[in-house]
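K.L.:
I am sharing start_25.pdb, which consists of PDB, C-alpha atoms:
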ATOM      1  CA  MET E  18      12.923  45.609  -6.390
ATOM      2  CA  ALA E  19       9.473  44.081  -5.781
ATOM      3  CA  ALA E  20       8.173  41.136  -7.760
ATOM      4  CA  PRO E  21       5.591  42.023 -10.384
ATOM      5  CA  THR E  22       2.020  41.304  -9.359
ATOM      6  CA  THR E  23      -0.063  38.890 -11.365
ATOM      7  CA  PRO E  24      -3.221  40.245 -12.903
ATOM      8  CA  ALA E  25      -6.506  39.224 -11.294
ATOM      9  CA  PRO E  26      -8.381  36.512 -13.203
ATOM     10  CA  SER E  27     -11.275  37.649 -15.321
ATOM     11  CA  PRO E  28     -14.769  37.024 -13.956
ATOM     12  CA  ILE E  29     -15.387  34.345 -16.581
ATOM     13  CA  THR E  30     -12.178  32.517 -15.689
ATOM     14  CA  LEU E  31     -13.034  32.725 -12.010
ATOM     15  CA  TRP E  32     -16.557  31.411 -12.682
ATOM     16  CA  LYS E  33     -15.145  28.535 -14.734
ATOM     17  CA  GLY E  34     -12.700  27.670 -11.961
ATOM     18  CA  ARG E  35     -15.466  27.641  -9.359
ATOM     19  CA  ALA E  36     -17.667  25.462 -11.595
ATOM     20  CA  LEU E  37     -14.820  22.990 -12.058
ATOM     21  CA  LEU E  38     -14.236  22.947  -8.311
ATOM     22  CA  ALA E  39     -17.932  22.216  -7.711
ATOM     23  CA  TRP E  40     -17.759  19.371 -10.244
ATOM     24  CA  ALA E  41     -14.694  17.924  -8.501
ATOM     25  CA  ARG E  42     -16.464  18.097  -5.110
ATOM     26  CA  LEU E  43     -19.507  16.338  -6.563
ATOM     27  CA  LEU E  44     -17.371  13.568  -8.028
ATOM     28  CA  GLN E  45     -15.451  13.156  -4.794
ATOM     29  CA  SER E  46     -18.586  12.918  -2.712
ATOM     30  CA  THR E  47     -20.424  10.500  -5.002
ATOM     31  CA  VAL E  48     -18.121   8.178  -6.888
ATOM     32  CA  ALA E  49     -14.566   8.488  -5.629
ATOM     33  CA  GLY E  50     -13.112   6.333  -2.920
ATOM     34  CA  LYS E  51     -13.589   2.767  -1.733
ATOM     35  CA  HIS E  52     -15.624   3.680   1.320
ATOM     36  CA  ARG E  53     -18.163   5.494  -0.869
ATOM     37  CA  ARG E  54     -18.522   2.396  -3.039
ATOM     38  CA  LYS E  55     -18.982   0.184   0.008
ATOM     39  CA  ALA E  56     -21.620   2.528   1.405
ATOM     40  CA  HIS E  57     -23.493   2.465  -1.914
ATOM     41  CA  VAL E  58     -23.431  -1.345  -2.027
ATOM     42  CA  ALA E  59     -24.564  -1.543   1.605
ATOM     43  CA  ARG E  60     -27.547   0.744   0.872
ATOM     44  CA  ARG E  61     -28.452  -1.317  -2.198
ATOM     45  CA  ASN E  62     -28.264  -4.556  -0.219
ATOM     46  CA  ALA E  63     -30.425  -3.087   2.536
ATOM     47  CA  ALA E  64     -33.032  -2.077  -0.051
ATOM     48  CA  MET E  65     -32.940  -5.596  -1.511
ATOM     49  CA  ARG E  66     -33.486  -7.106   1.947
ATOM     50  CA  ALA E  67     -36.376  -4.726   2.580
ATOM     51  CA  ALA E  68     -37.978  -5.659  -0.756
ATOM     52  CA  TYR E  69     -37.579  -9.355   0.043
ATOM     53  CA  ALA E  70     -39.092  -8.836   3.499
ATOM     54  CA  ASN E  71     -42.072  -7.153   1.851
ATOM     55  CA  GLY E  72     -42.919 -10.016  -0.476
ATOM     56  CA  VAL E  73     -40.719  -9.613  -3.557
ATOM     57  CA  ASP E  74     -39.303 -13.013  -4.507
ATOM     58  CA  ARG E  75     -35.583 -13.667  -4.925
ATOM     59  CA  GLU E  76     -35.811 -14.368  -8.682
ATOM     60  CA  THR E  77     -37.437 -11.006  -9.354
ATOM     61  CA  ILE E  78     -34.752  -9.229  -7.341
ATOM     62  CA  THR E  79     -32.060 -11.102  -9.273
ATOM     63  CA  ARG E  80     -33.591 -10.125 -12.615
ATOM     64  CA  GLN E  81     -34.198  -6.494 -11.706
ATOM     65  CA  ILE E  82     -30.844  -5.797 -10.040
ATOM     66  CA  GLY E  83     -28.737  -7.742 -12.510
ATOM     67  CA  LEU E  84     -26.621  -9.615  -9.988
ATOM     68  CA  GLY E  85     -25.992 -13.331  -9.994
ATOM     69  CA  PRO E  86     -28.236 -15.554  -7.878
ATOM     70  CA  GLU E  87     -25.462 -16.329  -5.383
ATOM     71  CA  GLN E  88     -24.714 -12.620  -4.890
ATOM     72  CA  VAL E  89     -28.395 -11.917  -4.242
ATOM     73  CA  ARG E  90     -28.571 -14.785  -1.747
ATOM     74  CA  LYS E  91     -25.542 -13.406   0.104
ATOM     75  CA  ALA E  92     -27.038  -9.920   0.171
ATOM     76  CA  LEU E  93     -30.363 -11.226   1.475
ATOM     77  CA  ARG E  94     -28.562 -13.119   4.247
ATOM     78  CA  GLY E  95     -26.828  -9.867   5.247
ATOM     79  CA  GLU E  96     -23.364 -10.950   4.109
ATOM     80  CA  MET E  97     -20.952  -8.761   2.143
ATOM     81  CA  THR E  98     -21.097  -9.321  -1.613
ATOM     82  CA  THR E  99     -17.911  -9.671  -3.646
ATOM     83  CA  GLU E 100     -18.036  -6.455  -5.630
TER      84      GLU E 100
END
Please render this file's structure as structure tokens.
P.N.:
Amino acid sequence: MAAPTTPAPSPITLWKGRALLAWARLLQSTVAGKHRRKAHVARRNAAMRAAYANGVDRETITRQIGLGPEQVRKALRGEMTTE
């Protein structure tokens, strides 16, 4: 005797499942994982260095970014920050 077949999901259920899968992929690619966080911090630090090289003073960067002065100094020197 063959096992009963399961009914096919309705189009709405299938659409909802695909939307949830797309949301999970977006979260995975943007916020999940340590290496993603490190890449984000590295891009931010590079932008801070570029702003500093183009005349923005360290105090303004500190105020705008919201990091402590020592963290900004480390980032501007090209060192890894402790976050």
K.L.:
So how many Å separate atom CA of Ile78 of chain E and atom CA of Thr47 of chain E, to one decimal?
P.N.:
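These atoms are spaced 24.5 Å apart.
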K.L.:
Please report the interatomic distance between atom CA of Thr79 of chain E and atom CA of His52 of chain E in Å with one decimal.
P.N.:
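For atom CA of Thr79 of chain E relative to atom CA of His52 of chain E, the distance reads 24.5 Å.
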K.L.:
Between atom CA of Arg66 of chain E and atom CA of Leu93 of chain E, what distance in Å does the model show, to one decimal?
P.N.:
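Computed distance, atom CA of Arg66 of chain E to atom CA of Leu93 of chain E, equals 5.2 Å.
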K.L.:
Please identify all polymer residues lying at most 12 Å from the point (-26.0, -9.3, -9.1) (file coordinates), using all atoms listed in the file, and present the result as a PyMOL selection string.
P.N.:
chain E and resi 58+61-62+65+75-93+98-100
K.L.:
Of the residues E:Gly72, E:Gly95, E:Pro28, E:Gly34, which is the one nearest to Arg60 of chain E, using all atoms listed in the file?
P.N.:
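Using all atoms listed in the file, the shortest distance to Arg60 of chain E belongs to E:Gly95.
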K.L.:
For Ala63 of chain E, which residue out of E:Ala41, E:Met97, E:Lys33, E:Lys51 is the nearest one, using all atoms listed in the file?
P.N.:
E:Met97
